[in-house]
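Data from work_36.cif: mmCIF, C-alpha atoms and all ligand atoms
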data_work
#
loop_
_atom_site.label_atom_id
_atom_site.label_comp_id
_atom_site.auth_asym_id
_atom_site.auth_seq_id
_atom_site.Cartn_x
_atom_site.Cartn_y
_atom_site.Cartn_z
CA MET A 1 105.62 125.58 77.34
CA GLU A 2 102.09 124.28 77.79
CA ASN A 3 101.66 121.41 80.22
CA THR A 4 99.83 118.61 78.35
CA SER A 5 100.12 115.89 81.03
CA PRO A 6 96.73 114.75 82.33
CA SER A 7 95.48 116.31 85.55
CA PHE A 8 95.04 114.26 88.71
CA ALA A 9 91.27 114.41 88.29
CA SER A 10 91.41 113.07 84.74
CA LYS A 11 93.78 110.29 85.88
CA VAL A 12 91.27 109.27 88.55
CA ILE A 13 88.41 109.29 86.04
CA THR A 14 90.49 107.22 83.60
CA TRP A 15 91.24 104.70 86.35
CA PHE A 16 87.50 104.22 86.88
CA ASP A 17 86.79 104.22 83.13
CA THR A 18 87.52 100.64 82.11
CA HIS A 19 86.75 101.34 78.47
CA ALA A 20 89.52 103.97 78.43
CA GLN A 21 91.87 101.51 80.15
CA ALA A 22 91.04 98.85 77.59
CA LYS A 23 91.77 101.25 74.76
CA ALA A 24 95.20 101.93 76.24
CA GLU A 25 95.91 98.20 76.58
CA LEU A 26 94.98 97.55 72.96
CA GLY A 27 97.89 99.78 71.98
CA HIS A 28 100.44 97.27 73.30
CA THR A 29 101.94 94.76 70.94
CA ASP A 30 101.90 91.71 73.21
CA GLN A 31 98.19 91.10 73.68
CA GLU A 32 98.70 87.69 75.31
CA LYS A 33 100.63 89.18 78.19
CA TRP A 34 99.06 89.39 81.64
CA ILE A 35 98.71 92.73 83.30
CA PHE A 36 98.92 92.64 87.07
CA PRO A 37 95.36 92.77 88.48
CA PHE A 38 96.15 95.05 91.40
CA PRO A 39 92.58 95.46 92.81
CA PHE A 40 92.01 91.69 92.71
CA ALA A 41 95.38 90.96 94.33
CA LEU A 42 94.71 93.56 97.02
CA MET A 43 91.30 92.06 97.75
CA SER A 44 92.73 88.55 97.94
CA VAL A 45 95.52 89.52 100.32
CA SER A 46 93.12 91.56 102.42
CA THR A 47 91.13 88.44 103.35
CA VAL A 48 93.76 87.75 106.04
CA ALA A 49 92.30 90.74 107.85
CA VAL A 50 89.62 88.41 109.26
CA PHE A 51 92.23 87.40 111.85
CA PHE A 52 92.53 91.00 113.01
CA VAL A 53 88.97 92.32 112.83
CA GLY A 54 87.44 89.41 114.70
CA PHE A 55 84.24 87.46 114.14
CA SER A 56 80.59 88.25 114.69
CA TRP A 57 77.58 86.33 113.53
CA VAL A 58 76.04 89.41 111.99
CA ALA A 59 79.12 90.15 109.83
CA PHE A 60 79.37 86.48 108.85
CA SER A 61 75.65 86.36 107.97
CA VAL A 62 75.96 89.45 105.81
CA ALA A 63 78.91 87.83 104.00
CA VAL A 64 76.90 84.66 103.32
CA PHE A 65 73.84 86.66 102.26
CA LEU A 66 75.86 88.79 99.84
CA TYR A 67 77.54 85.68 98.45
CA GLY A 68 74.08 84.25 97.71
CA VAL A 69 72.36 87.26 96.19
CA ARG A 70 75.40 88.27 94.16
CA MET A 71 75.88 84.71 92.93
CA PHE A 72 72.32 85.03 91.69
CA GLY A 73 73.37 88.34 90.13
CA ILE A 74 75.99 86.49 88.12
CA THR A 75 74.08 83.32 87.33
CA GLY A 76 70.54 84.64 86.98
CA VAL A 77 71.43 87.99 85.48
CA TYR A 78 74.86 88.17 83.80
CA HIS A 79 74.61 84.60 82.57
CA ARG A 80 71.00 83.60 81.96
CA TYR A 81 69.78 87.06 81.02
CA PHE A 82 72.51 89.20 79.51
CA SER A 83 74.53 86.39 77.93
CA HIS A 84 71.74 84.09 76.77
CA LYS A 85 68.50 86.10 76.97
CA THR A 86 66.58 83.17 78.38
CA TYR A 87 63.82 85.42 79.73
CA LYS A 88 62.45 88.91 79.32
CA THR A 89 61.98 91.86 81.59
CA SER A 90 61.24 95.59 81.55
CA ARG A 91 63.91 98.16 80.91
CA TRP A 92 63.95 99.52 84.46
CA PHE A 93 64.20 96.04 85.98
CA GLN A 94 66.88 95.14 83.47
CA PHE A 95 68.91 98.00 84.95
CA ALA A 96 68.14 96.91 88.51
CA LEU A 97 69.32 93.40 87.62
CA ALA A 98 72.45 94.85 86.03
CA LEU A 99 73.23 96.72 89.26
CA LEU A 100 72.92 93.47 91.18
CA GLY A 101 75.22 91.63 88.77
CA ASN A 102 77.69 94.50 88.81
CA SER A 103 77.87 94.43 92.61
CA ALA A 104 79.64 91.06 92.34
CA ALA A 105 82.75 92.93 91.13
CA GLU A 106 83.16 90.75 88.06
CA ARG A 107 83.32 93.60 85.58
CA GLY A 108 80.39 95.06 83.68
CA PRO A 109 77.41 93.24 82.14
CA LEU A 110 78.54 93.75 78.54
CA TRP A 111 82.10 92.61 79.20
CA TRP A 112 80.85 89.50 80.98
CA ALA A 113 78.22 88.61 78.39
CA ALA A 114 80.53 89.18 75.43
CA HIS A 115 83.24 86.90 76.82
CA HIS A 116 80.68 84.29 77.72
CA ARG A 117 79.07 84.24 74.28
CA HIS A 118 82.54 83.85 72.86
CA HIS A 119 83.12 80.89 75.21
CA HIS A 120 80.03 79.10 73.90
CA ARG A 121 81.05 79.57 70.31
CA PHE A 122 84.60 78.36 70.75
CA SER A 123 84.29 76.06 73.78
CA ASP A 124 87.49 74.12 74.37
CA THR A 125 89.00 75.03 71.04
CA ARG A 126 92.20 77.04 70.97
CA GLU A 127 90.10 80.17 70.46
CA ASP A 128 88.37 79.68 73.81
CA THR A 129 89.39 82.39 76.28
CA HIS A 130 89.12 80.07 79.28
CA SER A 131 89.51 76.39 78.55
CA PRO A 132 91.28 74.12 81.07
CA SER A 133 91.97 71.60 78.32
CA GLN A 134 93.74 74.23 76.22
CA LYS A 135 95.66 76.37 78.69
CA GLY A 136 95.39 74.63 82.02
CA PHE A 137 93.40 74.98 85.21
CA TRP A 138 94.67 78.32 86.54
CA ASP A 139 94.36 80.06 83.22
CA ALA A 140 90.74 78.93 82.89
CA HIS A 141 90.02 79.69 86.53
CA MET A 142 91.44 83.17 86.96
CA LEU A 143 94.32 84.24 84.75
CA TRP A 144 92.53 84.61 81.44
CA TRP A 145 90.77 87.86 82.26
CA SER A 146 93.98 89.70 83.06
CA ARG A 147 95.44 89.19 79.60
CA ARG A 148 95.60 92.45 77.71
CA LYS A 149 93.42 91.19 74.89
CA ASN A 150 90.62 90.31 77.31
CA VAL A 151 90.43 93.64 79.11
CA ALA A 152 88.25 95.22 76.45
CA THR A 153 84.52 94.66 76.12
CA ARG A 154 83.84 92.99 72.77
CA LEU A 155 80.97 95.26 71.79
CA ASP A 156 80.65 93.46 68.47
CA LEU A 157 79.41 90.42 70.40
CA VAL A 158 76.76 92.30 72.40
CA PRO A 159 75.10 94.85 70.08
CA ASP A 160 71.75 94.03 71.67
CA LEU A 161 73.09 95.27 75.02
CA ALA A 162 75.25 98.13 73.77
CA LYS A 163 72.19 100.03 72.61
CA TYR A 164 71.24 100.79 76.22
CA PRO A 165 73.23 103.81 77.46
CA GLU A 166 72.62 102.94 81.10
CA LEU A 167 74.18 99.50 80.59
CA MET A 168 77.09 101.05 78.70
CA PHE A 169 77.66 103.40 81.62
CA LEU A 170 77.77 100.53 84.10
CA ASP A 171 80.14 98.65 81.83
CA ARG A 172 82.48 101.62 81.55
CA PHE A 173 82.53 102.49 85.24
CA ASP A 174 82.21 98.96 86.53
CA SER A 175 83.95 99.51 89.87
CA VAL A 176 81.58 102.21 91.11
CA VAL A 177 78.82 99.86 92.26
CA PRO A 178 81.10 97.40 94.12
CA LEU A 179 83.02 100.20 95.82
CA THR A 180 79.78 101.89 96.84
CA MET A 181 78.59 98.61 98.28
CA GLY A 182 81.83 98.19 100.23
CA ALA A 183 81.59 101.72 101.63
CA SER A 184 77.92 101.17 102.54
CA LEU A 185 78.85 98.05 104.48
CA ALA A 186 81.45 99.98 106.44
CA VAL A 187 78.84 102.62 107.29
CA LEU A 188 76.37 99.90 108.27
CA GLY A 189 78.99 98.36 110.57
CA MET A 190 79.63 101.75 112.20
CA PHE A 191 75.90 102.24 112.68
CA LEU A 192 75.48 98.82 114.30
CA HIS A 193 78.51 99.38 116.50
CA ARG A 194 77.05 102.68 117.73
CA TYR A 195 73.42 101.67 118.22
CA PHE A 196 73.52 97.87 118.61
CA PRO A 197 76.83 97.17 120.38
CA ALA A 198 75.58 93.76 121.56
CA LEU A 199 75.96 92.51 117.97
CA GLY A 200 79.73 92.81 118.36
CA THR A 201 80.52 94.27 114.96
CA ASN A 202 82.01 97.49 113.65
CA GLY A 203 82.70 99.23 110.35
CA LEU A 204 85.98 97.53 109.54
CA GLN A 205 84.74 94.08 110.46
CA MET A 206 81.63 94.47 108.34
CA PHE A 207 83.72 95.71 105.42
CA VAL A 208 86.19 92.83 105.65
CA TRP A 209 83.62 90.06 106.01
CA GLY A 210 80.74 91.51 104.00
CA PHE A 211 82.73 92.92 101.13
CA VAL A 212 86.28 91.53 100.96
CA VAL A 213 85.76 87.90 102.02
CA SER A 214 82.36 87.56 100.40
CA THR A 215 83.59 88.98 97.09
CA VAL A 216 86.75 86.87 96.92
CA VAL A 217 84.89 83.63 97.77
CA LEU A 218 82.19 84.57 95.29
CA PHE A 219 84.78 85.10 92.59
CA HIS A 220 86.27 81.64 93.09
CA GLY A 221 82.81 80.08 93.27
CA VAL A 222 81.85 81.50 89.89
CA ALA A 223 85.26 80.68 88.43
CA THR A 224 84.82 76.96 89.15
CA ILE A 225 82.39 76.86 86.25
CA ASN A 226 85.13 77.87 83.84
CA SER A 227 87.67 75.54 85.37
CA LEU A 228 86.26 72.58 87.33
CA SER A 229 82.98 72.27 85.38
CA HIS A 230 85.03 71.45 82.31
CA VAL A 231 87.04 68.80 84.18
CA TYR A 232 85.06 67.01 86.92
CA GLY A 233 81.60 65.53 86.61
CA SER A 234 79.45 63.48 84.29
CA ARG A 235 78.51 64.07 80.68
CA ARG A 236 74.88 63.44 79.83
CA PHE A 237 75.22 64.93 76.38
CA GLN A 238 78.03 64.36 73.93
CA THR A 239 78.77 68.01 73.32
CA THR A 240 81.75 69.14 71.29
CA ASP A 241 83.37 70.56 74.43
CA THR A 242 84.45 69.08 77.78
CA SER A 243 81.56 70.44 79.86
CA ARG A 244 80.34 68.35 82.81
CA ASN A 245 77.42 68.11 85.19
CA ASN A 246 78.55 68.35 88.79
CA TRP A 247 76.05 68.45 91.69
CA PHE A 248 78.49 70.00 94.15
CA LEU A 249 79.38 72.85 91.81
CA ALA A 250 75.67 73.26 91.10
CA LEU A 251 75.04 73.79 94.81
CA ILE A 252 77.77 76.37 95.40
CA THR A 253 76.91 78.24 92.19
CA LEU A 254 73.13 78.05 92.58
CA GLY A 255 72.63 75.83 89.55
CA GLU A 256 75.48 76.57 87.17
CA GLY A 257 77.13 73.21 87.81
CA TRP A 258 74.74 71.55 85.34
CA HIS A 259 77.18 72.80 82.79
CA ASN A 260 76.96 69.92 80.34
CA ASN A 261 73.19 70.42 80.17
CA HIS A 262 73.82 74.08 79.57
CA HIS A 263 76.42 73.62 76.86
CA HIS A 264 74.11 71.21 75.11
CA TYR A 265 71.15 73.56 75.23
CA CYS A 266 71.98 77.08 76.38
CA ASN A 267 68.66 78.68 75.47
CA SER A 268 66.60 77.45 78.42
CA THR A 269 66.33 79.42 81.65
CA ARG A 270 66.66 76.22 83.61
CA GLN A 271 70.01 74.44 83.73
CA GLY A 272 69.05 71.58 86.03
CA PHE A 273 66.89 69.76 83.50
CA PHE A 274 65.28 67.34 85.98
CA TRP A 275 63.68 67.89 89.39
CA TRP A 276 66.59 66.28 91.19
CA GLU A 277 69.05 68.62 89.54
CA ILE A 278 68.86 71.45 92.07
CA ASP A 279 68.91 74.80 90.32
CA ILE A 280 68.37 77.56 92.88
CA THR A 281 68.84 80.33 90.33
CA PHE A 282 65.92 78.96 88.36
CA TYR A 283 63.72 78.88 91.46
CA GLY A 284 64.66 82.51 92.12
CA LEU A 285 63.73 83.47 88.58
CA LYS A 286 60.41 81.63 88.90
CA LEU A 287 59.75 83.73 91.99
CA LEU A 288 60.52 86.92 90.08
CA GLU A 289 58.16 85.67 87.37
CA LYS A 290 55.39 85.18 89.93
CA LEU A 291 55.98 88.76 91.07
CA GLY A 292 55.57 89.95 87.49
CA LEU A 293 59.11 91.31 87.26
CA VAL A 294 60.36 88.90 84.58
CA TRP A 295 58.50 86.79 82.05
CA ASP A 296 58.76 84.42 79.10
CA LEU A 297 61.20 82.07 80.80
CA LYS A 298 62.35 79.66 78.13
CA PRO A 299 61.65 76.00 78.86
CA VAL A 300 63.80 72.95 78.37
CA PRO A 301 62.50 71.25 75.19
CA GLN A 302 60.58 68.07 75.87
CA ARG A 303 62.81 66.11 73.53
CA LEU A 304 65.72 66.65 75.94
CA LEU A 305 63.76 65.27 78.89
CA ARG A 306 63.16 61.85 77.39
CA PRO A 307 65.39 58.92 78.34
CA LEU A 308 68.69 59.84 76.98
CA ARG A 309 69.67 59.13 73.51
CA THR A 310 71.04 62.27 71.99
CA PRO A 311 70.14 62.71 68.34
CA ALA A 312 73.10 63.66 66.24
CA ASN A 313 71.52 66.90 65.16
CA GLU A 314 71.29 67.98 68.80
CA THR A 315 75.00 67.81 69.29
CA VAL A 316 75.84 71.38 68.35
CA ARG A 317 73.60 74.40 68.33
CA PRO A 318 73.98 76.12 64.97
CA HIS A 319 74.39 79.54 66.55
CA GLU A 320 77.38 78.29 68.51
CA VAL A 321 79.19 77.17 65.39
CA VAL A 322 81.24 80.20 64.51
CA PRO A 323 84.60 78.75 63.57
CA GLU A 324 87.72 80.68 62.84
CA PRO A 325 89.23 80.00 59.42
CA ALA A 326 92.19 78.21 61.04
CA PHE A 327 90.12 75.30 62.26
CA ALA A 328 86.93 75.82 60.31
CA LYS A 329 87.70 73.12 57.80
CA THR A 330 88.17 70.30 60.25
CA ARG A 331 85.30 71.29 62.49
CA ILE A 332 82.85 71.88 59.70
CA ALA A 333 83.98 68.78 57.87
CA GLY A 334 83.16 66.82 61.00
CA LEU A 335 79.86 68.58 61.39
CA ALA A 336 78.85 68.07 57.81
CA GLY A 337 78.24 64.41 58.49
CA LEU A 338 76.25 65.18 61.61
CA LEU A 339 74.14 68.05 60.40
CA PRO A 340 72.60 67.34 57.04
CA GLY A 341 71.42 70.94 56.67
CA LEU A 342 74.78 72.49 57.40
CA THR A 343 76.06 74.44 54.47
CA SER A 344 78.95 76.79 54.08
CA PRO A 345 76.94 80.01 54.60
CA LEU A 346 76.04 78.82 58.08
CA ALA A 347 79.63 77.98 58.78
CA THR A 348 80.79 81.48 58.02
CA GLN A 349 77.91 83.24 59.71
CA VAL A 350 78.89 85.26 62.77
CA PRO A 351 75.68 85.95 64.65
CA ALA A 352 76.66 88.38 67.40
CA ARG A 353 73.48 88.20 69.40
CA GLY A 354 71.53 86.33 71.98
CA PRO A 355 68.54 84.33 70.83
CA ASP A 356 66.03 87.08 71.65
CA LEU A 357 65.96 90.66 72.70
CA PRO A 358 64.19 91.78 75.84
CA ASN A 359 61.12 93.93 75.81
CA SER A 360 62.06 97.51 76.41
ZN ZN A 401 81.64 76.23 79.65
ZN ZN A 402 76.33 80.03 79.11
#

Now, as a test, write the supplied structure out as structure tokens.
Amino acid sequence: MENTSPSFASKVITWFDTHAQAKAELGHTDQEKWIFPFPFALMSVSTVAVFFVGFSWVAFSVAVFLYGVRMFGITGVYHRYFSHKTYKTSRWFQFALALLGNSAAERGPLWWAAHHRHHHRFSDTREDTHSPSQKGFWDAHMLWWSRRKNVATRLDLVPDLAKYPELMFLDRFDSVVPLTMGASLAVLGMFLHRYFPALGTNGLQMFVWGFVVSTVVLFHGVATINSLSHVYGSRRFQTTDTSRNNWFLALITLGEGWHNNHHHYCNSTRQGFFWWEIDITFYGLKLLEKLGLVWDLKPVPQRLLRPLRTPANETVRPHEVVPEPAFAKTRIAGLAGLLPGLTSPLATQVPARGPDLPNS
């Protein structure tokens, strides 16, 4: 009888192929159920290894550096570029940016952008995938992505990204870049141990600090925007969600903590609308603009920088209003009074795109 069970090699390839994994998960009936995130759990537990591998300033500095640049990879690339298209770039630099974002080990660029666009459209409604007001803090912070229904990349929400095969590849095999980075750090540590012993590091120490600790702390830093930024802080704009501005979260996330600004107007590159709202990601993007690597950064409209009195028709961006039939009536009925131009065709429109496409 012919053996039809998959070979070891094909099992390994399938493990790396997150699109194949997602397809398998979609076959289960209970889509709300969590699947155990083994790699994430292993990484989290492995942070205790810092007590065994010891400390060195060089390993600690690498960890801090990789936290910073990879936070930029999430905020400046996955968020402000792939999710919202707030600036443009060339195709090769788009891929370089995608590699940087991918190194943060927060899945692929299409998966991230699709879930985030969904968040903006359904913020703090029961359709929202990560809303602390709907399902609680821990669900919004870290449990939502391990539900079966959220494993798949919603390609219907990112057709503008899915047309690039190189981005699709990264999205499918999204653990290759982080694992390569981890292995490279181990090799770097071995090199430093051999040729610069005075630095006091080694392969394992560099791997634990530079990859494990940095990645886990980075994950929780980013996750505060889904959890804490919808709970703690001030609300400059009366958005239809619970988003807040929080200076502390803005510092640790390089500018994402100006989340109420962002929910009110998500099309600008800048999220700290005023000079005192520190937005390090924006400064980094301005630097890349000066170097000619990115361009057409979208500004904050002048009308939002005046002393605050939010016009009613600024309350909800039309492209974010994509209600499900279940709550469409109440939400649209409420909006009808606010938005004179809102008609039923707009209410049923499902624009699965960012505001603009990049040059390619
Ligand atoms: Zn939000
Ligand atoms: Zn956003």

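Around ligand ZN 402 (chain A), using only C-alpha atoms and all ligand atoms and a cut-off of 9 Å, the residues in contact are A:His79, A:Arg80, A:Ser83, A:His84, A:Ala113, A:His116, A:Arg117, A:His119, A:His120, A:Glu256, A:His259, A:His262, A:His263, A:Cys266, A:Asn267.
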
Env. residues ligand ZN 401 (chain A) / 12 Å / all atoms listed in the file / as number ranges by chain = A: 79, 115-125, 128-133, 140-141, 222-231, 239-245, 256-266

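Shortest atom-to-atom contact with A:Asp279 among A:Gly136, A:Gly210, A:Thr75, A:Gly54: A:Thr75, counting all atoms listed in the file.
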
key: Sphere at (64.9, 82.3, 78.9), radius 12 Å, counting all atoms listed in the file: residues as a VMD selection string   = chain A and resid 76 to 77 79 to 89 265 to 271 282 285 to 286 289 294 to 301 354 to 358

request  = Identify which of the residues A:Gly73, A:Tyr195, A:Met168, A:Val62 lies closest to A:Gly182, counting all atoms listed in the file when measuring atom-to-atom distances.
outcome  = A:Val62

inquiry  = Taking only C-alpha atoms into account, name the residue in A:Lys33, A:Arg70, A:His28, A:Lys11 that is nearest to A:Ser214.
reply    =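 The answer is A:Arg70, which sits nearest to A:Ser214.
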
key: Coordinates-based distance that separates atom CA of A:Leu249 from atom CA of A:Ala59 (Å, one decimal)   = 25.0 Å

ask   = Looking at all atoms listed in the file, which of A:Trp57, A:Phe8, A:Phe93, A:Trp275 is the one that sits closest to A:Gly292?
value =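 Ranking A:Trp57, A:Phe8, A:Phe93, A:Trp275 by distance to A:Gly292, first place goes to A:Phe93.
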
Proximity check stretch 3-53 of chain A to stretch 151-160 of chain A, 9 Å, nearest pairs one decimal Å, only C-alpha atoms, as CSV:
residue,atom,partner,partner_atom,distance
A:Thr18,CA,A:Ala152,CA,7.9
A:His19,CA,A:Ala152,CA,6.6
A:Gln21,CA,A:Val151,CA,8.1
A:Ala22,CA,A:Ala152,CA,4.7
A:Lys23,CA,A:Ala152,CA,7.2
A:Glu25,CA,A:Val151,CA,7.6
A:Leu26,CA,A:Ala152,CA,7.9

query = What does the distance between atom CA of A:Met190 and atom CA of A:Tyr67 come to in Å, to one decimal place?
reply = 21.3 Å
